[in-house]
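Listing of work.pdb; format and content: PDB, C-alpha atoms.
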ATOM      1  CA  MET A   1      70.651  95.933 101.767
ATOM      2  CA  ALA A   2      68.666  94.071  99.150
ATOM      3  CA  ASN A   3      65.841  93.266 101.584
ATOM      4  CA  LYS A   4      65.434  96.814 102.796
ATOM      5  CA  LYS A   5      62.117  98.402 101.940
ATOM      6  CA  THR A   6      62.630 101.936 103.201
ATOM      7  CA  LEU A   7      65.367 104.139 104.632
ATOM      8  CA  ASP A   8      65.198 106.383 107.672
ATOM      9  CA  CYS A   9      66.783 109.847 107.766
ATOM     10  CA  ALA A  10      70.089 108.706 109.281
ATOM     11  CA  GLU A  11      70.546 105.991 106.665
ATOM     12  CA  SER A  12      69.583 108.338 103.892
ATOM     13  CA  LEU A  13      71.924 111.068 105.128
ATOM     14  CA  LEU A  14      74.890 108.706 104.947
ATOM     15  CA  GLN A  15      74.222 108.040 101.286
ATOM     16  CA  LEU A  16      73.498 111.529  99.989
ATOM     17  CA  SER A  17      76.899 112.139  98.409
ATOM     18  CA  GLU A  18      76.971 108.827  96.599
ATOM     19  CA  TYR A  19      73.354 109.374  95.591
ATOM     20  CA  ARG A  20      74.279 112.774  94.221
ATOM     21  CA  ASP A  21      77.274 111.288  92.375
ATOM     22  CA  LYS A  22      75.093 108.437  91.033
ATOM     23  CA  ALA A  23      77.468 105.946  92.631
ATOM     24  CA  LEU A  24      74.815 103.815  94.354
ATOM     25  CA  ASP A  25      73.460 100.601  92.935
ATOM     26  CA  GLU A  26      70.050 100.864  91.309
ATOM     27  CA  ASN A  27      68.035  99.491  94.216
ATOM     28  CA  TYR A  28      69.674 101.619  96.836
ATOM     29  CA  TYR A  29      69.476 104.678  94.611
ATOM     30  CA  ALA A  30      65.707 104.126  94.388
ATOM     31  CA  LEU A  31      65.422 103.829  98.173
ATOM     32  CA  VAL A  32      67.225 107.132  98.755
ATOM     33  CA  LYS A  33      65.177 108.799  96.048
ATOM     34  CA  GLU A  34      61.971 107.557  97.630
ATOM     35  CA  HIS A  35      63.047 108.828 101.044
ATOM     36  CA  LEU A  36      63.976 112.261  99.690
ATOM     37  CA  GLU A  37      60.645 112.620  97.943
ATOM     38  CA  LYS A  38      58.760 112.226 101.189
ATOM     39  CA  CYS A  39      61.217 113.906 103.576
ATOM     40  CA  PRO A  40      61.619 117.678 103.008
ATOM     41  CA  PRO A  41      64.406 118.128 105.639
ATOM     42  CA  CYS A  42      66.571 115.503 103.944
ATOM     43  CA  MET A  43      65.740 117.021 100.563
ATOM     44  CA  VAL A  44      67.043 120.395 101.822
ATOM     45  CA  ILE A  45      70.342 118.755 102.777
ATOM     46  CA  TYR A  46      70.556 116.987  99.440
ATOM     47  CA  LYS A  47      69.957 120.235  97.546
ATOM     48  CA  ASP A  48      72.623 121.984  99.623
ATOM     49  CA  ILE A  49      75.144 119.247  98.821
ATOM     50  CA  ASP A  50      74.241 119.463  95.170
ATOM     51  CA  LEU A  51      74.725 123.237  95.208
ATOM     52  CA  ILE A  52      78.123 122.892  96.888
ATOM     53  CA  VAL A  53      79.288 120.374  94.300
ATOM     54  CA  MET A  54      77.964 122.488  91.430
ATOM     55  CA  SER A  55      79.708 125.552  92.887
ATOM     56  CA  ALA A  56      83.044 123.852  93.596
ATOM     57  CA  PRO A  57      84.726 124.694  90.257
ATOM     58  CA  VAL A  58      84.327 128.396  91.055
ATOM     59  CA  ILE A  59      87.452 128.219  93.199
ATOM     60  CA  THR A  60      89.618 127.445  90.174
ATOM     61  CA  ASN A  61      89.054 131.038  89.109
ATOM     62  CA  GLU A  62      92.397 132.757  89.580
ATOM     63  CA  ASP A  63      90.972 136.273  89.820
ATOM     64  CA  GLY A  64      91.696 137.746  93.197
ATOM     65  CA  ILE A  65      94.586 135.434  94.042
ATOM     66  CA  ALA A  66      97.558 137.415  95.338
ATOM     67  CA  PHE A  67     100.271 135.605  93.412
ATOM     68  CA  PRO A  68     103.785 135.861  94.814
ATOM     69  CA  ASP A  69     106.476 137.369  92.650
ATOM     70  CA  GLU A  70     107.511 134.640  90.222
ATOM     71  CA  ASN A  71     110.922 136.275  89.768
ATOM     72  CA  VAL A  72     111.658 135.915  93.470
ATOM     73  CA  ILE A  73     110.804 132.221  93.436
ATOM     74  CA  TRP A  74     112.786 131.701  90.266
ATOM     75  CA  GLN A  75     115.792 133.402  91.853
ATOM     76  CA  ARG A  76     115.396 131.295  94.962
ATOM     77  CA  MET A  77     115.438 128.121  92.921
ATOM     78  CA  ARG A  78     118.626 129.204  91.213
ATOM     79  CA  ILE A  79     120.214 129.703  94.602
ATOM     80  CA  THR A  80     119.119 126.420  96.102
ATOM     81  CA  LYS A  81     119.584 124.326  92.976
ATOM     82  CA  LEU A  82     122.790 125.426  91.351
ATOM     83  CA  THR A  83     122.356 122.795  88.679
ATOM     84  CA  ILE A  84     119.531 124.786  87.106
ATOM     85  CA  ASN A  85     121.960 127.361  85.782
TER      86      ASN A  85
ATOM     87  CA  MET B   1     111.077 123.035  65.849
ATOM     88  CA  SER B   2     111.151 126.226  67.904
ATOM     89  CA  VAL B   3     108.452 127.376  70.326
ATOM     90  CA  ALA B   4     107.619 130.254  67.984
ATOM     91  CA  GLU B   5     106.824 127.807  65.177
ATOM     92  CA  VAL B   6     104.237 125.761  67.042
ATOM     93  CA  GLU B   7     100.646 126.880  66.995
ATOM     94  CA  ARG B   8      99.132 125.124  70.001
ATOM     95  CA  PRO B   9     100.272 125.954  73.539
ATOM     96  CA  GLN B  10     100.480 122.261  74.401
ATOM     97  CA  ASP B  11     102.874 121.701  71.506
ATOM     98  CA  ALA B  12     105.014 124.557  72.762
ATOM     99  CA  ASP B  13     105.119 122.838  76.152
ATOM    100  CA  VAL B  14     106.406 119.652  74.553
ATOM    101  CA  VAL B  15     109.117 121.534  72.667
ATOM    102  CA  LEU B  16     110.128 123.402  75.813
ATOM    103  CA  ALA B  17     110.174 120.183  77.830
ATOM    104  CA  GLN B  18     112.409 118.504  75.253
ATOM    105  CA  LYS B  19     114.768 121.466  75.195
ATOM    106  CA  SER B  20     114.827 121.570  78.989
ATOM    107  CA  ALA B  21     115.644 117.885  79.135
ATOM    108  CA  ALA B  22     118.547 118.554  76.799
ATOM    109  CA  GLY B  23     119.908 121.105  79.266
ATOM    110  CA  ASP B  24     118.422 124.324  77.892
ATOM    111  CA  THR B  25     117.756 126.328  81.049
ATOM    112  CA  ALA B  26     116.174 129.212  79.127
ATOM    113  CA  ALA B  27     113.542 126.756  77.886
ATOM    114  CA  PHE B  28     112.989 125.560  81.433
ATOM    115  CA  GLU B  29     112.579 129.125  82.623
ATOM    116  CA  GLU B  30     109.949 129.684  79.950
ATOM    117  CA  LEU B  31     108.116 126.542  81.078
ATOM    118  CA  TYR B  32     108.262 127.852  84.618
ATOM    119  CA  ARG B  33     106.818 131.218  83.629
ATOM    120  CA  ARG B  34     104.065 129.632  81.549
ATOM    121  CA  HIS B  35     102.907 127.380  84.389
ATOM    122  CA  PHE B  36     103.878 129.202  87.553
ATOM    123  CA  ARG B  37     100.423 130.670  88.225
ATOM    124  CA  ARG B  38      98.586 127.415  87.601
ATOM    125  CA  VAL B  39     100.888 125.460  89.911
ATOM    126  CA  TYR B  40     100.731 128.081  92.651
ATOM    127  CA  ALA B  41      96.942 128.301  92.429
ATOM    128  CA  LEU B  42      96.620 124.511  92.756
ATOM    129  CA  CYS B  43      98.991 124.433  95.752
ATOM    130  CA  LEU B  44      96.995 127.247  97.330
ATOM    131  CA  ARG B  45      93.679 125.446  96.759
ATOM    132  CA  MET B  46      95.041 122.307  98.390
ATOM    133  CA  THR B  47      96.729 123.960 101.364
ATOM    134  CA  SER B  48      94.692 127.153 101.863
ATOM    135  CA  ASP B  49      97.996 128.646 102.997
ATOM    136  CA  PRO B  50      99.924 131.156 100.822
ATOM    137  CA  VAL B  51     103.273 130.499 102.525
ATOM    138  CA  GLN B  52     103.045 126.736 102.108
ATOM    139  CA  ALA B  53     101.767 127.205  98.569
ATOM    140  CA  GLU B  54     104.803 129.301  97.704
ATOM    141  CA  ASP B  55     107.252 126.761  99.142
ATOM    142  CA  LEU B  56     105.447 123.915  97.435
ATOM    143  CA  THR B  57     105.455 125.733  94.105
ATOM    144  CA  GLN B  58     109.203 126.001  94.375
ATOM    145  CA  ASP B  59     109.462 122.288  95.273
ATOM    146  CA  VAL B  60     107.278 121.360  92.300
ATOM    147  CA  PHE B  61     109.472 123.202  89.828
ATOM    148  CA  ILE B  62     112.652 121.767  91.312
ATOM    149  CA  GLN B  63     111.045 118.336  91.003
ATOM    150  CA  LEU B  64     110.026 119.224  87.455
ATOM    151  CA  PHE B  65     113.580 120.219  86.623
ATOM    152  CA  ASN B  66     114.888 116.914  87.924
ATOM    153  CA  LYS B  67     112.210 114.835  86.194
ATOM    154  CA  ILE B  68     111.728 116.718  82.951
ATOM    155  CA  GLY B  69     113.600 114.043  81.037
ATOM    156  CA  SER B  70     110.950 111.487  81.975
ATOM    157  CA  PHE B  71     108.167 113.446  80.249
ATOM    158  CA  ARG B  72     107.327 111.333  77.216
ATOM    159  CA  GLY B  73     104.416 113.356  75.873
ATOM    160  CA  GLU B  74     101.984 110.478  76.440
ATOM    161  CA  SER B  75      99.668 112.883  78.253
ATOM    162  CA  ALA B  76      99.423 116.646  77.935
ATOM    163  CA  PHE B  77     102.213 118.450  79.719
ATOM    164  CA  THR B  78      99.683 120.334  81.843
ATOM    165  CA  THR B  79      98.118 117.022  82.967
ATOM    166  CA  TRP B  80     101.547 115.629  83.811
ATOM    167  CA  LEU B  81     102.516 118.754  85.748
ATOM    168  CA  HIS B  82      99.142 118.825  87.502
ATOM    169  CA  ARG B  83      99.678 115.278  88.721
ATOM    170  CA  MET B  84     103.214 116.092  89.823
ATOM    171  CA  THR B  85     101.906 119.082  91.786
ATOM    172  CA  VAL B  86      99.176 117.056  93.504
ATOM    173  CA  ASN B  87     101.705 114.376  94.449
ATOM    174  CA  GLN B  88     104.102 116.985  95.808
ATOM    175  CA  VAL B  89     101.415 118.491  98.029
ATOM    176  CA  LEU B  90     100.288 115.060  99.241
ATOM    177  CA  MET B  91     103.892 114.135 100.035
ATOM    178  CA  HIS B  92     104.190 117.373 101.984
ATOM    179  CA  PHE B  93     101.070 116.479 103.998
ATOM    180  CA  ARG B  94     102.437 113.016 104.705
ATOM    181  CA  LYS B  95     105.815 114.336 105.868
ATOM    182  CA  ARG B  96     104.306 117.021 108.045
ATOM    183  CA  SER B  97     102.439 114.840 110.442
ATOM    184  CA  THR B  98     103.041 111.545 112.208
ATOM    185  CA  LYS B  99      99.325 110.929 112.450
ATOM    186  CA  SER B 100      98.329 111.184 108.848
ATOM    187  CA  GLU B 101      96.472 114.396 108.336
ATOM    188  CA  LEU B 102      95.047 112.802 105.263
ATOM    189  CA  THR B 103      92.756 110.644 107.352
ATOM    190  CA  LYS B 104      92.445 112.967 110.328
ATOM    191  CA  GLY B 105      88.851 113.332 111.400
ATOM    192  CA  ASP B 106      87.837 110.170 109.621
ATOM    193  CA  ASP B 107      86.523 108.612 112.814
ATOM    194  CA  GLU B 108      83.992 111.387 113.113
ATOM    195  CA  THR B 109      80.475 110.438 112.302
ATOM    196  CA  PRO B 110      78.492 112.735 110.082
ATOM    197  CA  GLU B 111      76.433 115.177 112.038
ATOM    198  CA  GLN B 112      72.974 113.942 112.728
ATOM    199  CA  ILE B 113      70.174 116.097 111.510
ATOM    200  CA  VAL B 114      67.344 116.404 113.962
ATOM    201  CA  LYS B 115      64.055 116.846 112.252
ATOM    202  CA  GLY B 116      62.556 120.257 112.799
ATOM    203  CA  THR B 117      65.885 121.923 113.565
ATOM    204  CA  GLU B 118      66.914 122.315 109.965
ATOM    205  CA  ASN B 119      66.616 125.681 108.326
ATOM    206  CA  PRO B 120      64.229 124.846 105.508
ATOM    207  CA  ASN B 121      65.322 127.832 103.430
ATOM    208  CA  ALA B 122      67.403 127.190 100.387
ATOM    209  CA  MET B 123      71.090 127.843 100.846
ATOM    210  CA  PRO B 124      72.173 131.166  99.324
ATOM    211  CA  VAL B 125      74.146 131.233  96.090
ATOM    212  CA  ILE B 126      77.687 130.215  96.939
ATOM    213  CA  ASP B 127      80.320 132.625  95.736
ATOM    214  CA  ARG B 128      84.024 131.905  95.573
ATOM    215  CA  ILE B 129      84.889 133.823  98.729
ATOM    216  CA  ALA B 130      82.282 132.014 100.819
ATOM    217  CA  LEU B 131      83.385 128.647  99.490
ATOM    218  CA  GLU B 132      87.079 129.362  99.997
ATOM    219  CA  LYS B 133      86.416 130.494 103.535
ATOM    220  CA  ALA B 134      84.513 127.308 104.261
ATOM    221  CA  ILE B 135      87.172 125.109 102.636
ATOM    222  CA  GLN B 136      89.851 126.719 104.817
ATOM    223  CA  GLN B 137      87.991 125.471 107.881
ATOM    224  CA  LEU B 138      88.005 121.848 106.767
ATOM    225  CA  PRO B 139      90.449 119.362 108.315
ATOM    226  CA  PRO B 140      93.304 118.781 105.824
ATOM    227  CA  GLY B 141      92.162 115.306 104.814
ATOM    228  CA  TYR B 142      88.631 116.431 104.063
ATOM    229  CA  ARG B 143      89.908 119.447 102.183
ATOM    230  CA  THR B 144      92.271 117.352 100.079
ATOM    231  CA  VAL B 145      89.607 114.878  99.016
ATOM    232  CA  PHE B 146      87.069 117.623  98.306
ATOM    233  CA  ILE B 147      89.549 119.559  96.163
ATOM    234  CA  LEU B 148      90.742 116.496  94.287
ATOM    235  CA  HIS B 149      87.259 115.112  93.627
ATOM    236  CA  ASP B 150      84.891 118.032  93.329
ATOM    237  CA  VAL B 151      87.276 120.683  92.044
ATOM    238  CA  GLU B 152      89.996 118.839  90.140
ATOM    239  CA  GLY B 153      87.832 115.975  88.917
ATOM    240  CA  TYR B 154      89.794 112.963  90.168
ATOM    241  CA  GLU B 155      87.950 109.667  90.752
ATOM    242  CA  HIS B 156      87.897 108.046  94.189
ATOM    243  CA  GLU B 157      90.061 105.174  92.963
ATOM    244  CA  GLU B 158      92.813 107.593  91.903
ATOM    245  CA  ILE B 159      92.500 109.663  95.053
ATOM    246  CA  ALA B 160      92.754 106.565  97.218
ATOM    247  CA  ARG B 161      95.850 105.439  95.354
ATOM    248  CA  MET B 162      97.536 108.831  95.580
ATOM    249  CA  MET B 163      96.691 109.305  99.245
ATOM    250  CA  GLY B 164      97.440 105.723 100.247
ATOM    251  CA  VAL B 165      93.987 105.162 101.732
ATOM    252  CA  ALA B 166      91.077 102.860 100.952
ATOM    253  CA  GLU B 167      88.596 103.964  98.309
ATOM    254  CA  GLY B 168      85.883 103.845 100.975
ATOM    255  CA  THR B 169      87.886 106.328 103.058
ATOM    256  CA  SER B 170      88.009 108.721 100.152
ATOM    257  CA  LYS B 171      84.240 108.444  99.660
ATOM    258  CA  SER B 172      83.551 108.841 103.351
ATOM    259  CA  GLN B 173      85.818 111.876 103.661
ATOM    260  CA  LEU B 174      84.240 113.510 100.648
ATOM    261  CA  HIS B 175      80.784 113.105 102.121
ATOM    262  CA  LYS B 176      81.857 114.473 105.486
ATOM    263  CA  ALA B 177      83.646 117.361 103.768
ATOM    264  CA  ARG B 178      80.506 118.305 101.878
ATOM    265  CA  LEU B 179      78.406 118.155 105.051
ATOM    266  CA  LYS B 180      80.895 120.297 106.939
ATOM    267  CA  LEU B 181      81.057 122.813 104.108
ATOM    268  CA  ARG B 182      77.298 123.006 104.174
ATOM    269  CA  THR B 183      77.367 123.734 107.908
ATOM    270  CA  PHE B 184      80.072 126.397 107.542
ATOM    271  CA  ILE B 185      78.361 128.097 104.609
ATOM    272  CA  ARG B 186      74.994 128.166 106.362
ATOM    273  CA  GLN B 187      76.593 129.500 109.557
ATOM    274  CA  GLN B 188      78.323 132.224 107.582
ATOM    275  CA  ALA B 189      75.125 133.129 105.749
ATOM    276  CA  ALA B 190      73.241 133.370 109.042
ATOM    277  CA  LEU B 191      75.800 135.887 110.346
ATOM    278  CA  ASN B 192      75.513 138.112 107.276
TER     279      ASN B 192
END

Please express what this file holds, its structure, as structure tokens.
Amino acid sequence: MANKKTLDCAESLLQLSEYRDKALDENYYALVKEHLEKCPPCMVIYKDIDLIVMSAPVITNEDGIAFPDENVIWQRMRITKLTIN
Amino acid sequence: MSVAEVERPQDADVVLAQKSAAGDTAAFEELYRRHFRRVYALCLRMTSDPVQAEDLTQDVFIQLFNKIGSFRGESAFTTWLHRMTVNQVLMHFRKRSTKSELTKGDDETPEQIVKGTENPNAMPVIDRIALEKAIQQLPPGYRTVFILHDVEGYEHEEIARMMGVAEGTSKSQLHKARLKLRTFIRQQAALN
């Protein structure tokens, strides 16, 4: 990898997540960056990945979750695990 | 010290855990009620299946009841319970399938992008419903790694250890998960 001068789209695509997570070594990071700067289609994919990662925490929001009845589950545990009570 | 006397919720958890370990079932019930929603929501995120999430929530609290005496307060109770929940769901995945669903799909190669066929428009803002819908379509292994890394904040090293896979597998599955999510979200947006 150290001798590589440029990356093609396929090589760049494979590295986009680690590039986004800043998990690549410095040289390889620079190669991906260089490719993205001159390749708009790959840049679109990179931006999409970035948006997905940035949006991911939204699913921890508990609004809208139909929670089951906690009393029912509690009762069920008491039935199946008599040691609890 | 009673629960009413402590000011911070995490301190109340420690008191309740100690009382539970000493056999106080009322204290355990209070712990259950304090954390039920969080545990269920995590199980639901990891399975995308309300029925499985409900069963797993029950399993987690039974496990908690049996292990409460081993809580030493070295980490926050919520962190400890979170880890226990993740492990319970992963164990469920492992039991459920002979071919590990945790690595299912790993031999797939990422989709190749043909120049000129990409929609150059920016992806729309991703709301929770769109993301949840896309996550539901992921193979279980991809979904697990995506949830653990991008939602719950685990590092690849930890994920690999918990899932019993190589760190490289975790990284590879995360990347493929993100690419698949991108495809699903764009497909959904195109239909709307």

Per-residue nearest contacts chain B to chain A, cut-off 6 Å, using all atoms listed in the file, as CSV:
residue,atom,partner,partner_atom,distance
B:Arg128,CA,A:Ile59,CA,5.6
B:Val151,CA,A:Pro57,CA,5.1
B:His175,CA,A:Ser17,CA,5.5

What lies within 8 Å of range 24-35 of chain B using all atoms listed in the file, ignoring chain neighbours under 2 positions off, as a ChimeraX atom specification?
/A:70,84-85 /B:13,16-17,19-22,37-39,61,65

Restricting the calculation to only C-alpha atoms, which member of A:Asp25, A:Leu31, A:Gln75, A:Arg20 is positioned closest to Lys5 in chain A?
A:Leu31

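We find CA of Asp59 in chain B and CA of Lys171 in chain B to be spaced 29.1 Å apart.
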
Using the chain letters and residue numbers of this document, give as a PyMOL selection string the residues selected by the PyMOL selection byres ((chain B and resi 157) around 10).
chain B and resi 154-156+158-162+165-168+170-171

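Distance-wise, CA of Gly141 in chain B and CA of Arg186 in chain B end up 21.5 Å apart.
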
Atom pair CA of Arg182 in chain B / CA of Gly164 in chain B: separation (Å)
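One can read the CA of Arg182 in chain B to CA of Gly164 in chain B distance as 26.8 Å.
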
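Residues captured in this structure file are Ser17 of chain A; Tyr142, Arg143, Thr144, Val145, Phe146, His149, Asp150, Thr169, Ser170, Lys171, Ser172, Gln173, His175, Lys176, Ala177, Arg178 and Leu179 of chain B, according to the PyMOL selection byres ((chain B and resi 174) around 9).
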
With C-alpha atoms retained, could you export that selection as a PDB file, keeping the file's coordinate frame?
ATOM      1  CA  SER A  17      76.899 112.139  98.409  1.00  0.00           C
TER       2      SER A  17
ATOM      3  CA  TYR B 142      88.631 116.431 104.063  1.00  0.00           C
ATOM      4  CA  ARG B 143      89.908 119.447 102.183  1.00  0.00           C
ATOM      5  CA  THR B 144      92.271 117.352 100.079  1.00  0.00           C
ATOM      6  CA  VAL B 145      89.607 114.878  99.016  1.00  0.00           C
ATOM      7  CA  PHE B 146      87.069 117.623  98.306  1.00  0.00           C
ATOM      8  CA  HIS B 149      87.259 115.112  93.627  1.00  0.00           C
ATOM      9  CA  ASP B 150      84.891 118.032  93.329  1.00  0.00           C
ATOM     10  CA  THR B 169      87.886 106.328 103.058  1.00  0.00           C
ATOM     11  CA  SER B 170      88.009 108.721 100.152  1.00  0.00           C
ATOM     12  CA  LYS B 171      84.240 108.444  99.660  1.00  0.00           C
ATOM     13  CA  SER B 172      83.551 108.841 103.351  1.00  0.00           C
ATOM     14  CA  GLN B 173      85.818 111.876 103.661  1.00  0.00           C
ATOM     15  CA  HIS B 175      80.784 113.105 102.121  1.00  0.00           C
ATOM     16  CA  LYS B 176      81.857 114.473 105.486  1.00  0.00           C
ATOM     17  CA  ALA B 177      83.646 117.361 103.768  1.00  0.00           C
ATOM     18  CA  ARG B 178      80.506 118.305 101.878  1.00  0.00           C
ATOM     19  CA  LEU B 179      78.406 118.155 105.051  1.00  0.00           C
TER      20      LEU B 179
END

Supply range 8-26 of chain A as a tab-separated table (two decimals), keeping the file's coordinate frame, with N, CA and C atoms built in where the input has gaps.
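Final output, saved to result-v4.tsv:
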chain	number	residue	atom	x	y	z
A	8	ASP	N	65.53	105.26	106.79
A	8	ASP	CA	65.20	106.38	107.67
A	8	ASP	C	66.15	107.54	107.35
A	9	CYS	N	65.99	108.64	108.09
A	9	CYS	CA	66.78	109.85	107.77
A	9	CYS	C	68.28	109.61	107.94
A	10	ALA	N	68.66	108.93	109.03
A	10	ALA	CA	70.09	108.71	109.28
A	10	ALA	C	70.72	107.88	108.16
A	11	GLU	N	70.01	106.84	107.74
A	11	GLU	CA	70.55	105.99	106.66
A	11	GLU	C	70.63	106.77	105.35
A	12	SER	N	69.62	107.55	105.12
A	12	SER	CA	69.58	108.34	103.89
A	12	SER	C	70.71	109.37	103.88
A	13	LEU	N	70.90	110.03	105.03
A	13	LEU	CA	71.92	111.07	105.13
A	13	LEU	C	73.31	110.52	104.77
A	14	LEU	N	73.58	109.31	105.22
A	14	LEU	CA	74.89	108.71	104.95
A	14	LEU	C	75.15	108.50	103.45
A	15	GLN	N	74.08	108.39	102.71
A	15	GLN	CA	74.22	108.04	101.29
A	15	GLN	C	74.08	109.23	100.34
A	16	LEU	N	73.85	110.41	100.88
A	16	LEU	CA	73.50	111.53	99.99
A	16	LEU	C	74.58	111.89	98.97
A	17	SER	N	75.85	111.79	99.37
A	17	SER	CA	76.90	112.14	98.41
A	17	SER	C	76.96	111.13	97.28
A	18	GLU	N	76.90	109.85	97.65
A	18	GLU	CA	76.97	108.83	96.60
A	18	GLU	C	75.70	108.85	95.74
A	19	TYR	N	74.59	109.21	96.36
A	19	TYR	CA	73.35	109.37	95.59
A	19	TYR	C	73.53	110.52	94.59
A	20	ARG	N	74.07	111.60	95.07
A	20	ARG	CA	74.28	112.77	94.22
A	20	ARG	C	75.24	112.44	93.07
A	21	ASP	N	76.26	111.64	93.39
A	21	ASP	CA	77.27	111.29	92.38
A	21	ASP	C	76.84	110.09	91.53
A	22	LYS	N	75.62	109.61	91.75
A	22	LYS	CA	75.09	108.44	91.03
A	22	LYS	C	76.04	107.24	91.16
A	23	ALA	N	76.53	107.04	92.39
A	23	ALA	CA	77.47	105.95	92.63
A	23	ALA	C	76.82	104.80	93.40
A	24	LEU	N	75.51	104.89	93.63
A	24	LEU	CA	74.82	103.82	94.35
A	24	LEU	C	74.27	102.79	93.36
A	25	ASP	N	74.09	101.56	93.85
A	25	ASP	CA	73.46	100.60	92.94
A	25	ASP	C	71.99	100.99	92.75
A	26	GLU	N	71.39	100.45	91.74
A	26	GLU	CA	70.05	100.86	91.31
A	26	GLU	C	69.01	100.78	92.43
